[in-house]
$ cat start-v9.pdb   # PDB, C-alpha atoms
ATOM      1  CA  MET Y  17     -86.885 -57.837 -91.239
ATOM      2  CA  ALA Y  18     -83.237 -56.746 -91.195
ATOM      3  CA  PHE Y  19     -82.105 -60.398 -91.042
ATOM      4  CA  PHE Y  20     -84.429 -61.299 -93.902
ATOM      5  CA  ALA Y  21     -83.100 -58.437 -96.050
ATOM      6  CA  HIS Y  22     -79.545 -59.501 -95.253
ATOM      7  CA  GLN Y  23     -80.260 -63.031 -96.414
ATOM      8  CA  ILE Y  24     -81.737 -61.734 -99.672
ATOM      9  CA  ARG Y  25     -78.600 -59.678-100.298
ATOM     10  CA  ARG Y  26     -76.439 -62.741 -99.676
ATOM     11  CA  GLY Y  27     -78.602 -64.712-102.063
ATOM     12  CA  PHE Y  28     -77.703 -62.400-104.915
ATOM     13  CA  SER Y  29     -73.991 -62.729-104.162
ATOM     14  CA  SER Y  30     -71.817 -64.471-106.709
ATOM     15  CA  SER Y  31     -69.532 -67.159-105.293
ATOM     16  CA  ALA Y  32     -66.775 -65.653-107.448
ATOM     17  CA  VAL Y  33     -66.531 -62.604-105.217
ATOM     18  CA  ARG Y  34     -66.483 -64.288-101.837
ATOM     19  CA  ASN Y  35     -63.357 -63.618 -99.784
ATOM     20  CA  VAL Y  36     -61.894 -61.452-102.559
ATOM     21  CA  VAL Y  37     -58.599 -59.850-101.572
ATOM     22  CA  ILE Y  38     -58.087 -56.715-103.625
ATOM     23  CA  LYS Y  39     -54.569 -56.604-105.072
ATOM     24  CA  GLN Y  40     -54.954 -55.327-108.643
ATOM     25  CA  VAL Y  41     -56.678 -51.930-108.805
ATOM     26  CA  THR Y  42     -57.740 -49.962-111.862
ATOM     27  CA  ILE Y  43     -58.570 -46.304-111.273
ATOM     28  CA  ILE Y  44     -60.454 -44.496-114.012
ATOM     29  CA  GLY Y  45     -59.664 -40.778-113.940
ATOM     30  CA  GLY Y  46     -56.242 -39.243-113.423
ATOM     31  CA  GLY Y  47     -57.375 -35.987-111.848
ATOM     32  CA  GLN Y  48     -56.652 -34.877-108.306
ATOM     33  CA  MET Y  49     -58.853 -37.513-106.698
ATOM     34  CA  GLY Y  50     -57.828 -40.374-108.968
ATOM     35  CA  ALA Y  51     -54.121 -39.586-108.589
ATOM     36  CA  GLY Y  52     -54.511 -39.351-104.819
ATOM     37  CA  ILE Y  53     -56.252 -42.714-104.589
ATOM     38  CA  ALA Y  54     -53.619 -44.252-106.872
ATOM     39  CA  GLN Y  55     -50.842 -42.928-104.627
ATOM     40  CA  VAL Y  56     -52.372 -44.346-101.457
ATOM     41  CA  ALA Y  57     -53.110 -47.722-103.048
ATOM     42  CA  ALA Y  58     -49.613 -47.987-104.529
ATOM     43  CA  SER Y  59     -48.078 -46.969-101.189
ATOM     44  CA  THR Y  60     -49.796 -49.910 -99.510
ATOM     45  CA  GLY Y  61     -48.483 -52.473-101.986
ATOM     46  CA  HIS Y  62     -51.332 -52.631-104.495
ATOM     47  CA  SER Y  63     -50.671 -52.879-108.204
ATOM     48  CA  VAL Y  64     -52.403 -49.838-109.689
ATOM     49  CA  THR Y  65     -53.318 -48.964-113.262
ATOM     50  CA  LEU Y  66     -54.318 -45.331-113.656
ATOM     51  CA  VAL Y  67     -56.476 -44.672-116.709
ATOM     52  CA  ASP Y  68     -57.345 -41.448-118.494
ATOM     53  CA  THR Y  69     -58.028 -40.219-122.012
ATOM     54  CA  SER Y  70     -54.521 -39.035-122.951
ATOM     55  CA  ASP Y  71     -50.876 -39.639-122.135
ATOM     56  CA  ASP Y  72     -50.416 -35.940-121.373
ATOM     57  CA  ILE Y  73     -53.031 -36.092-118.611
ATOM     58  CA  LEU Y  74     -51.432 -39.236-117.210
ATOM     59  CA  LYS Y  75     -47.966 -37.684-117.210
ATOM     60  CA  LYS Y  76     -49.357 -34.832-115.117
ATOM     61  CA  SER Y  77     -50.982 -37.390-112.823
ATOM     62  CA  ILE Y  78     -47.671 -39.146-112.220
ATOM     63  CA  LYS Y  79     -45.972 -35.798-111.554
ATOM     64  CA  THR Y  80     -48.714 -35.010-109.040
ATOM     65  CA  ILE Y  81     -48.161 -38.351-107.302
ATOM     66  CA  GLU Y  82     -44.395 -37.879-107.278
ATOM     67  CA  GLY Y  83     -44.700 -34.376-105.823
ATOM     68  CA  SER Y  84     -47.049 -35.621-103.116
ATOM     69  CA  LEU Y  85     -44.692 -38.493-102.270
ATOM     70  CA  LYS Y  86     -41.816 -36.050-101.883
ATOM     71  CA  ARG Y  87     -43.836 -34.153 -99.291
ATOM     72  CA  VAL Y  88     -44.490 -37.412 -97.464
ATOM     73  CA  VAL Y  89     -40.803 -38.271 -97.532
ATOM     74  CA  LYS Y  90     -39.829 -34.911 -96.028
ATOM     75  CA  LYS Y  91     -41.824 -35.822 -92.928
ATOM     76  CA  LYS Y  92     -41.286 -39.571 -92.663
ATOM     77  CA  PHE Y  93     -37.704 -39.828 -93.884
ATOM     78  CA  ALA Y  94     -36.261 -36.486 -92.753
ATOM     79  CA  ASP Y  95     -33.070 -38.112 -91.485
ATOM     80  CA  LYS Y  96     -32.872 -40.853 -94.118
ATOM     81  CA  PRO Y  97     -32.956 -39.268 -97.605
ATOM     82  CA  GLU Y  98     -31.775 -42.438 -99.339
ATOM     83  CA  ALA Y  99     -34.551 -44.477 -97.731
ATOM     84  CA  GLY Y 100     -37.002 -41.767 -98.751
ATOM     85  CA  GLU Y 101     -35.939 -41.922-102.385
ATOM     86  CA  GLU Y 102     -36.146 -45.710-102.286
ATOM     87  CA  PHE Y 103     -39.707 -45.408-100.937
ATOM     88  CA  ILE Y 104     -40.720 -43.040-103.749
ATOM     89  CA  GLN Y 105     -39.352 -45.332-106.447
ATOM     90  CA  LYS Y 106     -40.998 -48.372-104.877
ATOM     91  CA  VAL Y 107     -44.396 -46.676-104.875
ATOM     92  CA  LEU Y 108     -44.037 -45.367-108.427
ATOM     93  CA  LYS Y 109     -43.156 -48.881-109.648
ATOM     94  CA  ASN Y 110     -46.555 -50.000-108.407
ATOM     95  CA  VAL Y 111     -48.301 -47.508-110.713
ATOM     96  CA  SER Y 112     -48.744 -48.020-114.445
ATOM     97  CA  THR Y 113     -50.799 -45.856-116.792
ATOM     98  CA  SER Y 114     -53.073 -46.564-119.720
ATOM     99  CA  THR Y 115     -55.455 -44.837-122.100
ATOM    100  CA  ASP Y 116     -57.257 -48.129-122.738
ATOM    101  CA  ALA Y 117     -59.715 -48.776-119.916
ATOM    102  CA  GLY Y 118     -60.995 -51.949-121.550
ATOM    103  CA  SER Y 119     -57.594 -53.614-121.458
ATOM    104  CA  ALA Y 120     -56.769 -52.290-118.006
ATOM    105  CA  VAL Y 121     -59.757 -53.877-116.285
ATOM    106  CA  LYS Y 122     -59.136 -57.393-117.587
ATOM    107  CA  SER Y 123     -56.846 -58.237-114.676
ATOM    108  CA  SER Y 124     -58.464 -56.062-112.001
ATOM    109  CA  ASP Y 125     -59.873 -57.045-108.646
ATOM    110  CA  LEU Y 126     -61.321 -53.546-108.232
ATOM    111  CA  VAL Y 127     -62.302 -50.904-110.788
ATOM    112  CA  LEU Y 128     -62.767 -47.523-109.140
ATOM    113  CA  GLU Y 129     -64.160 -44.572-111.085
ATOM    114  CA  ALA Y 130     -63.154 -41.006-110.224
ATOM    115  CA  ILE Y 131     -64.320 -39.028-113.253
ATOM    116  CA  VAL Y 132     -66.716 -36.132-113.901
ATOM    117  CA  GLU Y 133     -69.937 -36.010-111.839
ATOM    118  CA  ASN Y 134     -72.185 -36.850-114.778
ATOM    119  CA  LEU Y 135     -74.532 -39.801-114.365
ATOM    120  CA  LYS Y 136     -74.804 -40.668-118.071
ATOM    121  CA  ILE Y 137     -71.025 -40.656-118.566
ATOM    122  CA  LYS Y 138     -70.518 -42.868-115.514
ATOM    123  CA  GLN Y 139     -73.260 -45.266-116.617
ATOM    124  CA  ASP Y 140     -71.813 -45.550-120.131
ATOM    125  CA  LEU Y 141     -68.341 -46.204-118.716
ATOM    126  CA  PHE Y 142     -69.427 -48.996-116.392
ATOM    127  CA  SER Y 143     -71.755 -50.515-118.986
ATOM    128  CA  ARG Y 144     -68.809 -50.920-121.348
ATOM    129  CA  LEU Y 145     -66.365 -52.159-118.716
ATOM    130  CA  ASP Y 146     -68.916 -54.625-117.332
ATOM    131  CA  LYS Y 147     -68.557 -56.673-120.508
ATOM    132  CA  LEU Y 148     -64.754 -56.744-120.264
ATOM    133  CA  ALA Y 149     -63.904 -57.183-116.578
ATOM    134  CA  PRO Y 150     -63.617 -60.647-114.980
ATOM    135  CA  ALA Y 151     -66.602 -62.036-113.098
ATOM    136  CA  HIS Y 152     -64.980 -61.513-109.698
ATOM    137  CA  THR Y 153     -64.096 -57.846-110.302
ATOM    138  CA  ILE Y 154     -65.738 -55.340-107.988
ATOM    139  CA  PHE Y 155     -66.867 -51.998-109.427
ATOM    140  CA  ALA Y 156     -66.992 -48.856-107.303
ATOM    141  CA  SER Y 157     -67.572 -45.148-107.763
ATOM    142  CA  ASN Y 158     -65.948 -42.242-105.919
ATOM    143  CA  THR Y 159     -69.012 -40.061-106.551
ATOM    144  CA  SER Y 160     -69.821 -37.556-103.832
ATOM    145  CA  SER Y 161     -73.429 -36.882-104.776
ATOM    146  CA  LEU Y 162     -74.921 -39.347-107.297
ATOM    147  CA  PRO Y 163     -76.795 -42.498-106.206
ATOM    148  CA  ILE Y 164     -74.659 -45.614-106.526
ATOM    149  CA  SER Y 165     -77.749 -47.596-107.530
ATOM    150  CA  ASP Y 166     -78.285 -45.293-110.515
ATOM    151  CA  ILE Y 167     -74.651 -45.546-111.613
ATOM    152  CA  SER Y 168     -74.665 -49.348-111.334
ATOM    153  CA  SER Y 169     -78.008 -49.806-113.104
ATOM    154  CA  THR Y 170     -76.417 -50.269-116.548
ATOM    155  CA  THR Y 171     -74.321 -53.247-115.408
ATOM    156  CA  ASN Y 172     -74.997 -56.928-114.746
ATOM    157  CA  ARG Y 173     -72.967 -56.992-111.520
ATOM    158  CA  LEU Y 174     -75.259 -55.205-109.097
ATOM    159  CA  ASP Y 175     -74.067 -57.472-106.286
ATOM    160  CA  ARG Y 176     -70.448 -56.524-107.036
ATOM    161  CA  PHE Y 177     -70.986 -52.760-107.138
ATOM    162  CA  GLY Y 178     -70.544 -50.230-104.330
ATOM    163  CA  GLY Y 179     -69.251 -46.800-103.486
ATOM    164  CA  LEU Y 180     -65.867 -45.694-102.139
ATOM    165  CA  HIS Y 181     -66.030 -41.985-101.401
ATOM    166  CA  PHE Y 182     -62.579 -40.617-100.596
ATOM    167  CA  PHE Y 183     -61.933 -37.051 -99.452
ATOM    168  CA  ASN Y 184     -59.542 -34.462-100.823
ATOM    169  CA  PRO Y 185     -56.573 -34.512-100.413
ATOM    170  CA  VAL Y 186     -56.701 -38.300-100.402
ATOM    171  CA  PRO Y 187     -53.221 -38.960 -98.931
ATOM    172  CA  MET Y 188     -54.043 -36.745 -95.929
ATOM    173  CA  MET Y 189     -57.734 -37.388 -95.258
ATOM    174  CA  LYS Y 190     -58.357 -40.503 -93.174
ATOM    175  CA  LEU Y 191     -62.047 -41.040 -93.925
ATOM    176  CA  VAL Y 192     -63.602 -43.247 -96.599
ATOM    177  CA  GLU Y 193     -67.359 -43.593 -96.927
ATOM    178  CA  VAL Y 194     -68.176 -47.149 -98.042
ATOM    179  CA  ILE Y 195     -71.582 -47.253 -99.687
ATOM    180  CA  GLY Y 196     -73.710 -50.291-100.312
ATOM    181  CA  THR Y 197     -76.924 -50.424-102.326
ATOM    182  CA  SER Y 198     -79.823 -52.783-101.683
ATOM    183  CA  SER Y 199     -78.185 -55.141-104.203
ATOM    184  CA  THR Y 200     -74.579 -54.974-102.990
ATOM    185  CA  SER Y 201     -73.598 -58.359-101.578
ATOM    186  CA  GLN Y 202     -72.227 -58.600 -98.069
ATOM    187  CA  GLU Y 203     -69.045 -60.133 -99.509
ATOM    188  CA  THR Y 204     -68.532 -57.151-101.799
ATOM    189  CA  PHE Y 205     -69.216 -54.677 -99.012
ATOM    190  CA  ASP Y 206     -66.778 -56.459 -96.695
ATOM    191  CA  SER Y 207     -64.125 -56.445 -99.417
ATOM    192  CA  LEU Y 208     -64.508 -52.667 -99.846
ATOM    193  CA  LEU Y 209     -64.336 -52.134 -96.080
ATOM    194  CA  ASN Y 210     -61.200 -54.275 -95.801
ATOM    195  CA  PHE Y 211     -59.592 -52.530 -98.774
ATOM    196  CA  SER Y 212     -60.169 -49.152 -97.108
ATOM    197  CA  LYS Y 213     -58.553 -50.388 -93.900
ATOM    198  CA  VAL Y 214     -55.538 -51.779 -95.760
ATOM    199  CA  LEU Y 215     -55.082 -48.313 -97.279
ATOM    200  CA  GLY Y 216     -54.739 -46.999 -93.732
ATOM    201  CA  LYS Y 217     -58.091 -45.230 -93.857
ATOM    202  CA  THR Y 218     -60.997 -45.268 -91.445
ATOM    203  CA  PRO Y 219     -64.105 -46.508 -93.255
ATOM    204  CA  VAL Y 220     -67.682 -45.733 -92.278
ATOM    205  CA  SER Y 221     -70.657 -47.670 -93.616
ATOM    206  CA  CYS Y 222     -73.224 -45.653 -95.544
ATOM    207  CA  LYS Y 223     -76.578 -46.252 -97.124
ATOM    208  CA  ASP Y 224     -77.112 -45.156-100.721
ATOM    209  CA  THR Y 225     -78.790 -41.853 -99.847
ATOM    210  CA  PRO Y 226     -78.100 -38.395-101.359
ATOM    211  CA  GLY Y 227     -74.715 -37.191-100.113
ATOM    212  CA  PHE Y 228     -74.197 -40.296 -97.964
ATOM    213  CA  ILE Y 229     -73.166 -39.003 -94.497
ATOM    214  CA  VAL Y 230     -70.676 -36.157 -94.804
ATOM    215  CA  ASN Y 231     -72.087 -34.213 -97.739
ATOM    216  CA  ARG Y 232     -75.674 -34.840 -96.663
ATOM    217  CA  LEU Y 233     -74.921 -32.854 -93.500
ATOM    218  CA  PHE Y 234     -72.284 -30.549 -94.949
ATOM    219  CA  VAL Y 235     -73.879 -29.107 -98.112
ATOM    220  CA  PRO Y 236     -77.200 -28.134 -96.459
ATOM    221  CA  TYR Y 237     -75.131 -26.500 -93.697
ATOM    222  CA  LEU Y 238     -73.354 -24.341 -96.273
ATOM    223  CA  TYR Y 239     -76.666 -23.421 -97.893
ATOM    224  CA  GLU Y 240     -78.292 -22.573 -94.582
ATOM    225  CA  ALA Y 241     -75.417 -20.199 -93.819
ATOM    226  CA  VAL Y 242     -76.161 -18.391 -97.086
ATOM    227  CA  ARG Y 243     -79.885 -18.241 -96.286
ATOM    228  CA  LEU Y 244     -79.050 -16.840 -92.839
ATOM    229  CA  TYR Y 245     -77.091 -14.094 -94.546
ATOM    230  CA  GLU Y 246     -79.852 -13.535 -97.128
ATOM    231  CA  ARG Y 247     -82.370 -13.047 -94.321
ATOM    232  CA  GLY Y 248     -80.137 -10.383 -92.780
ATOM    233  CA  HIS Y 249     -79.561 -12.400 -89.617
ATOM    234  CA  GLY Y 250     -75.800 -12.028 -89.758
ATOM    235  CA  SER Y 251     -72.980 -10.754 -91.935
ATOM    236  CA  LYS Y 252     -70.768 -13.170 -93.848
ATOM    237  CA  GLU Y 253     -67.839 -12.202 -91.670
ATOM    238  CA  ASP Y 254     -69.698 -12.673 -88.400
ATOM    239  CA  ILE Y 255     -71.157 -16.014 -89.461
ATOM    240  CA  ASP Y 256     -67.691 -17.260 -90.409
ATOM    241  CA  ILE Y 257     -66.183 -16.053 -87.132
ATOM    242  CA  ALA Y 258     -69.048 -17.571 -85.136
ATOM    243  CA  MET Y 259     -68.595 -21.027 -86.641
ATOM    244  CA  LYS Y 260     -64.822 -20.942 -86.256
ATOM    245  CA  LEU Y 261     -64.753 -19.763 -82.666
ATOM    246  CA  GLY Y 262     -68.066 -21.197 -81.471
ATOM    247  CA  VAL Y 263     -67.818 -24.666 -83.018
ATOM    248  CA  GLY Y 264     -64.101 -24.971 -83.629
ATOM    249  CA  TYR Y 265     -64.289 -25.297 -87.406
ATOM    250  CA  PRO Y 266     -61.033 -24.305 -89.164
ATOM    251  CA  MET Y 267     -62.965 -22.306 -91.781
ATOM    252  CA  GLY Y 268     -66.325 -20.569 -91.772
ATOM    253  CA  PRO Y 269     -69.066 -21.617 -94.235
ATOM    254  CA  PHE Y 270     -68.487 -18.705 -96.642
ATOM    255  CA  GLU Y 271     -64.713 -19.145 -96.636
ATOM    256  CA  LEU Y 272     -65.132 -22.866 -97.181
ATOM    257  CA  SER Y 273     -67.698 -22.425 -99.959
ATOM    258  CA  ASP Y 274     -65.278 -20.164-101.814
ATOM    259  CA  TYR Y 275     -62.511 -22.721-101.320
ATOM    260  CA  ILE Y 276     -64.604 -25.612-102.673
ATOM    261  CA  GLY Y 277     -66.202 -23.670-105.524
ATOM    262  CA  LEU Y 278     -69.738 -22.292-105.549
ATOM    263  CA  ASP Y 279     -70.474 -24.073-108.825
ATOM    264  CA  THR Y 280     -69.567 -27.425-107.263
ATOM    265  CA  ILE Y 281     -71.804 -26.845-104.259
ATOM    266  CA  LYS Y 282     -74.704 -25.637-106.408
ATOM    267  CA  PHE Y 283     -74.300 -28.623-108.747
ATOM    268  CA  ILE Y 284     -74.664 -31.036-105.850
ATOM    269  CA  MET Y 285     -77.672 -29.256-104.387
ATOM    270  CA  ASP Y 286     -79.414 -28.913-107.751
ATOM    271  CA  GLY Y 287     -79.065 -32.655-108.314
ATOM    272  CA  TRP Y 288     -80.521 -33.511-104.922
ATOM    273  CA  ARG Y 289     -83.419 -31.096-105.451
ATOM    274  CA  GLU Y 290     -84.229 -32.803-108.730
ATOM    275  CA  MET Y 291     -84.388 -36.160-106.945
ATOM    276  CA  ASP Y 292     -86.377 -34.852-103.953
ATOM    277  CA  PRO Y 293     -88.002 -31.505-104.849
ATOM    278  CA  ASP Y 294     -90.130 -31.303-101.686
ATOM    279  CA  ASN Y 295     -87.220 -31.592 -99.262
ATOM    280  CA  THR Y 296     -86.721 -28.171 -97.683
ATOM    281  CA  LEU Y 297     -83.068 -29.001 -96.972
ATOM    282  CA  PHE Y 298     -82.503 -28.841-100.711
ATOM    283  CA  ALA Y 299     -84.165 -25.455-101.281
ATOM    284  CA  PRO Y 300     -82.238 -23.085-103.589
ATOM    285  CA  SER Y 301     -80.508 -19.836-102.681
ATOM    286  CA  GLU Y 302     -81.015 -16.763-104.850
ATOM    287  CA  LEU Y 303     -77.599 -15.407-103.917
ATOM    288  CA  MET Y 304     -75.826 -18.665-104.696
ATOM    289  CA  ASP Y 305     -77.587 -18.869-108.068
ATOM    290  CA  LYS Y 306     -76.682 -15.246-108.830
ATOM    291  CA  LEU Y 307     -72.996 -15.603-108.007
ATOM    292  CA  VAL Y 308     -72.644 -18.768-110.081
ATOM    293  CA  ALA Y 309     -74.466 -17.173-113.027
ATOM    294  CA  GLU Y 310     -72.022 -14.258-112.839
ATOM    295  CA  GLY Y 311     -69.049 -16.615-112.833
ATOM    296  CA  LYS Y 312     -68.067 -15.664-109.285
ATOM    297  CA  LEU Y 313     -67.225 -19.174-108.168
ATOM    298  CA  GLY Y 314     -64.811 -18.527-105.312
ATOM    299  CA  LYS Y 315     -61.033 -18.588-105.018
ATOM    300  CA  LYS Y 316     -60.521 -20.231-108.410
ATOM    301  CA  THR Y 317     -62.081 -17.235-110.195
ATOM    302  CA  GLY Y 318     -60.826 -14.570-107.818
ATOM    303  CA  GLU Y 319     -64.217 -13.767-106.364
ATOM    304  CA  GLY Y 320     -67.084 -15.564-104.693
ATOM    305  CA  PHE Y 321     -68.575 -14.517-101.384
ATOM    306  CA  TYR Y 322     -65.240 -12.761-100.842
ATOM    307  CA  LYS Y 323     -62.730 -11.192-103.241
ATOM    308  CA  TYR Y 324     -59.251 -12.642-103.698
ATOM    309  CA  LYS Y 325     -56.163 -10.980-105.141
TER
END

$ encode --input "start-v9.pdb" --output "structure tokens"
Amino acid sequence: MAFFAHQIRRGFSSSAVRNVVIKQVTIIGGGQMGAGIAQVAASTGHSVTLVDTSDDILKKSIKTIEGSLKRVVKKKFADKPEAGEEFIQKVLKNVSTSTDAGSAVKSSDLVLEAIVENLKIKQDLFSRLDKLAPAHTIFASNTSSLPISDISSTTNRLDRFGGLHFFNPVPMMKLVEVIGTSSTSQETFDSLLNFSKVLGKTPVSCKDTPGFIVNRLFVPYLYEAVRLYERGHGSKEDIDIAMKLGVGYPMGPFELSDYIGLDTIKFIMDGWREMDPDNTLFAPSELMDKLVAEGKLGKKTGEGFYKYK
């Protein structure tokens, strides 16, 4: 059955995408994730176009990349400042910016989206770009929670669509989840795997399931810690200490939830519950709902499970 399914997937593959080597990359979204991906791709010799809605946003993106590169240089070129500066300028030359996504994708081998986690907005974006990008161009999303098959459904390149889920901060985190749908061709999937390796990352293959691998295990873990606390089975402090000292995690679940943002975690879980309401892993938490409703979202608002000065 697996061999039969594989042959069907290959049958849908366009000959235009076979053996594609990704050189020209367009990244839609100049936020923290988009800028991080752009930096890594430019550092490995790719020609990158970073796209966002305004020049002001893109200027901030370039400053973010430059600041991150300076931190890299301090470690890698500590004794060779001139070589370090040369490295920074070489990477920055590989990055151009644009507010016109339609024009940017016309010469792209890969279009990677790293924008807001809103299915309709992502679908509208890819639907428009699908009509403008070359036939060989691969589309990918950096979504952490939405089904790739749903995002790709508004395009006519289902065989050339996959997921590339990077982790924050992108220059530091080695993992990339490479996601294929039932329609993603083997050639496209292999191209995304190879691209991840060229970036110096370690890719893992994922099915198009809610949360893929990392978040599917991670978000329910955070929620179960809250439920444990709600049931009175442990204090926040003790649960955090237990997971740090007993499992070796650098942060406990409550500390980490505050760091990520309770609204972000709740958003992910709410979306999964809508897709699979009977799954007990996706059950809500009254305390989480209460804190988010009160605007206590964690470190970014000064209070979440803990208070911050």

$ residues_around --input "start-v9.pdb" --residues "Y:Lys75" --least-positions-apart "2" --cutoff "12 Å" --atoms "all atoms listed in the file" --output "compact mmCIF listing (two decimals) with C-alpha atoms, in the frame of the given file"
# COMPACT_ATOMS: atom_id res chain seq x y z
CA GLY Y 46 -56.24 -39.24 -113.42
CA GLY Y 47 -57.38 -35.99 -111.85
CA ALA Y 51 -54.12 -39.59 -108.59
CA LEU Y 66 -54.32 -45.33 -113.66
CA VAL Y 67 -56.48 -44.67 -116.71
CA ASP Y 68 -57.34 -41.45 -118.49
CA THR Y 69 -58.03 -40.22 -122.01
CA SER Y 70 -54.52 -39.03 -122.95
CA ASP Y 71 -50.88 -39.64 -122.14
CA ASP Y 72 -50.42 -35.94 -121.37
CA ILE Y 73 -53.03 -36.09 -118.61
CA SER Y 77 -50.98 -37.39 -112.82
CA ILE Y 78 -47.67 -39.15 -112.22
CA LYS Y 79 -45.97 -35.80 -111.55
CA THR Y 80 -48.71 -35.01 -109.04
CA ILE Y 81 -48.16 -38.35 -107.30
CA GLU Y 82 -44.40 -37.88 -107.28
CA VAL Y 111 -48.30 -47.51 -110.71
CA SER Y 112 -48.74 -48.02 -114.44
CA THR Y 113 -50.80 -45.86 -116.79
CA SER Y 114 -53.07 -46.56 -119.72
CA THR Y 115 -55.46 -44.84 -122.10

$ closest_residue --input "start-v9.pdb" --among "Y:Tyr239, Y:Val107, Y:Phe283, Y:Gly311" --to "Y:Thr296" --atoms "only C-alpha atoms"
Y:Tyr239

$ resolve_selection --input "start-v9.pdb" --expression "the PyMOL selection byres ((chain Y and resi 116-122) around 7)" --output "PDB file with C-alpha atoms, in the coordinates of the input"
ATOM      1  CA  THR Y  42     -57.740 -49.962-111.862  1.00  0.00           C
ATOM      2  CA  THR Y  65     -53.318 -48.964-113.262  1.00  0.00           C
ATOM      3  CA  VAL Y  67     -56.476 -44.672-116.709  1.00  0.00           C
ATOM      4  CA  SER Y 114     -53.073 -46.564-119.720  1.00  0.00           C
ATOM      5  CA  THR Y 115     -55.455 -44.837-122.100  1.00  0.00           C
ATOM      6  CA  SER Y 123     -56.846 -58.237-114.676  1.00  0.00           C
ATOM      7  CA  SER Y 124     -58.464 -56.062-112.001  1.00  0.00           C
ATOM      8  CA  VAL Y 127     -62.302 -50.904-110.788  1.00  0.00           C
ATOM      9  CA  LEU Y 145     -66.365 -52.159-118.716  1.00  0.00           C
ATOM     10  CA  LEU Y 148     -64.754 -56.744-120.264  1.00  0.00           C
ATOM     11  CA  ALA Y 149     -63.904 -57.183-116.578  1.00  0.00           C
ATOM     12  CA  PRO Y 150     -63.617 -60.647-114.980  1.00  0.00           C
TER      13      PRO Y 150
END

$ resolve_selection --input "start-v9.pdb" --expression "the PyMOL selection byres ((chain Y and resi 191) around 12)" --output "PyMOL selection string"
chain Y and resi 180-190+192-194+209+212-213+215-221+229-230

$ write_last_selection --input "start-v9.pdb" --atoms "C-alpha atoms" --output "PDB file, keeping the file's coordinate frame"
ATOM      1  CA  LEU Y 180     -65.867 -45.694-102.139  1.00  0.00           C
ATOM      2  CA  HIS Y 181     -66.030 -41.985-101.401  1.00  0.00           C
ATOM      3  CA  PHE Y 182     -62.579 -40.617-100.596  1.00  0.00           C
ATOM      4  CA  PHE Y 183     -61.933 -37.051 -99.452  1.00  0.00           C
ATOM      5  CA  ASN Y 184     -59.542 -34.462-100.823  1.00  0.00           C
ATOM      6  CA  PRO Y 185     -56.573 -34.512-100.413  1.00  0.00           C
ATOM      7  CA  VAL Y 186     -56.701 -38.300-100.402  1.00  0.00           C
ATOM      8  CA  PRO Y 187     -53.221 -38.960 -98.931  1.00  0.00           C
ATOM      9  CA  MET Y 188     -54.043 -36.745 -95.929  1.00  0.00           C
ATOM     10  CA  MET Y 189     -57.734 -37.388 -95.258  1.00  0.00           C
ATOM     11  CA  LYS Y 190     -58.357 -40.503 -93.174  1.00  0.00           C
ATOM     12  CA  VAL Y 192     -63.602 -43.247 -96.599  1.00  0.00           C
ATOM     13  CA  GLU Y 193     -67.359 -43.593 -96.927  1.00  0.00           C
ATOM     14  CA  VAL Y 194     -68.176 -47.149 -98.042  1.00  0.00           C
ATOM     15  CA  LEU Y 209     -64.336 -52.134 -96.080  1.00  0.00           C
ATOM     16  CA  SER Y 212     -60.169 -49.152 -97.108  1.00  0.00           C
ATOM     17  CA  LYS Y 213     -58.553 -50.388 -93.900  1.00  0.00           C
ATOM     18  CA  LEU Y 215     -55.082 -48.313 -97.279  1.00  0.00           C
ATOM     19  CA  GLY Y 216     -54.739 -46.999 -93.732  1.00  0.00           C
ATOM     20  CA  LYS Y 217     -58.091 -45.230 -93.857  1.00  0.00           C
ATOM     21  CA  THR Y 218     -60.997 -45.268 -91.445  1.00  0.00           C
ATOM     22  CA  PRO Y 219     -64.105 -46.508 -93.255  1.00  0.00           C
ATOM     23  CA  VAL Y 220     -67.682 -45.733 -92.278  1.00  0.00           C
ATOM     24  CA  SER Y 221     -70.657 -47.670 -93.616  1.00  0.00           C
ATOM     25  CA  ILE Y 229     -73.166 -39.003 -94.497  1.00  0.00           C
ATOM     26  CA  VAL Y 230     -70.676 -36.157 -94.804  1.00  0.00           C
TER      27      VAL Y 230
END

$ atom_distance --input "start-v9.pdb" --atom1 "atom CA of Y:Thr317" --atom2 "atom CA of Y:Thr280"
13.0 Å

$ resolve_selection --input "start-v9.pdb" --expression "the PyMOL selection byres ((chain Y and resi 271) around 10)" --output "list of chain:residue names"
Y:Lys252, Y:Glu253, Y:Asp256, Y:Pro266, Y:Met267, Y:Gly268, Y:Pro269, Y:Phe270, Y:Leu272, Y:Ser273, Y:Asp274, Y:Tyr275, Y:Ile276, Y:Gly314, Y:Lys315, Y:Gly320, Y:Phe321, Y:Tyr322

$ write_last_selection --input "start-v9.pdb" --atoms "C-alpha atoms" --output "short mmCIF file (atom, residue, chain, number, x, y, z; two decimals), keeping the file's coordinate frame"
data_model
loop_
_atom_site.label_atom_id
_atom_site.label_comp_id
_atom_site.auth_asym_id
_atom_site.auth_seq_id
_atom_site.Cartn_x
_atom_site.Cartn_y
_atom_site.Cartn_z
CA LYS Y 252 -70.77 -13.17 -93.85
CA GLU Y 253 -67.84 -12.20 -91.67
CA ASP Y 256 -67.69 -17.26 -90.41
CA PRO Y 266 -61.03 -24.30 -89.16
CA MET Y 267 -62.96 -22.31 -91.78
CA GLY Y 268 -66.32 -20.57 -91.77
CA PRO Y 269 -69.07 -21.62 -94.24
CA PHE Y 270 -68.49 -18.70 -96.64
CA LEU Y 272 -65.13 -22.87 -97.18
CA SER Y 273 -67.70 -22.42 -99.96
CA ASP Y 274 -65.28 -20.16 -101.81
CA TYR Y 275 -62.51 -22.72 -101.32
CA ILE Y 276 -64.60 -25.61 -102.67
CA GLY Y 314 -64.81 -18.53 -105.31
CA LYS Y 315 -61.03 -18.59 -105.02
CA GLY Y 320 -67.08 -15.56 -104.69
CA PHE Y 321 -68.58 -14.52 -101.38
CA TYR Y 322 -65.24 -12.76 -100.84
#
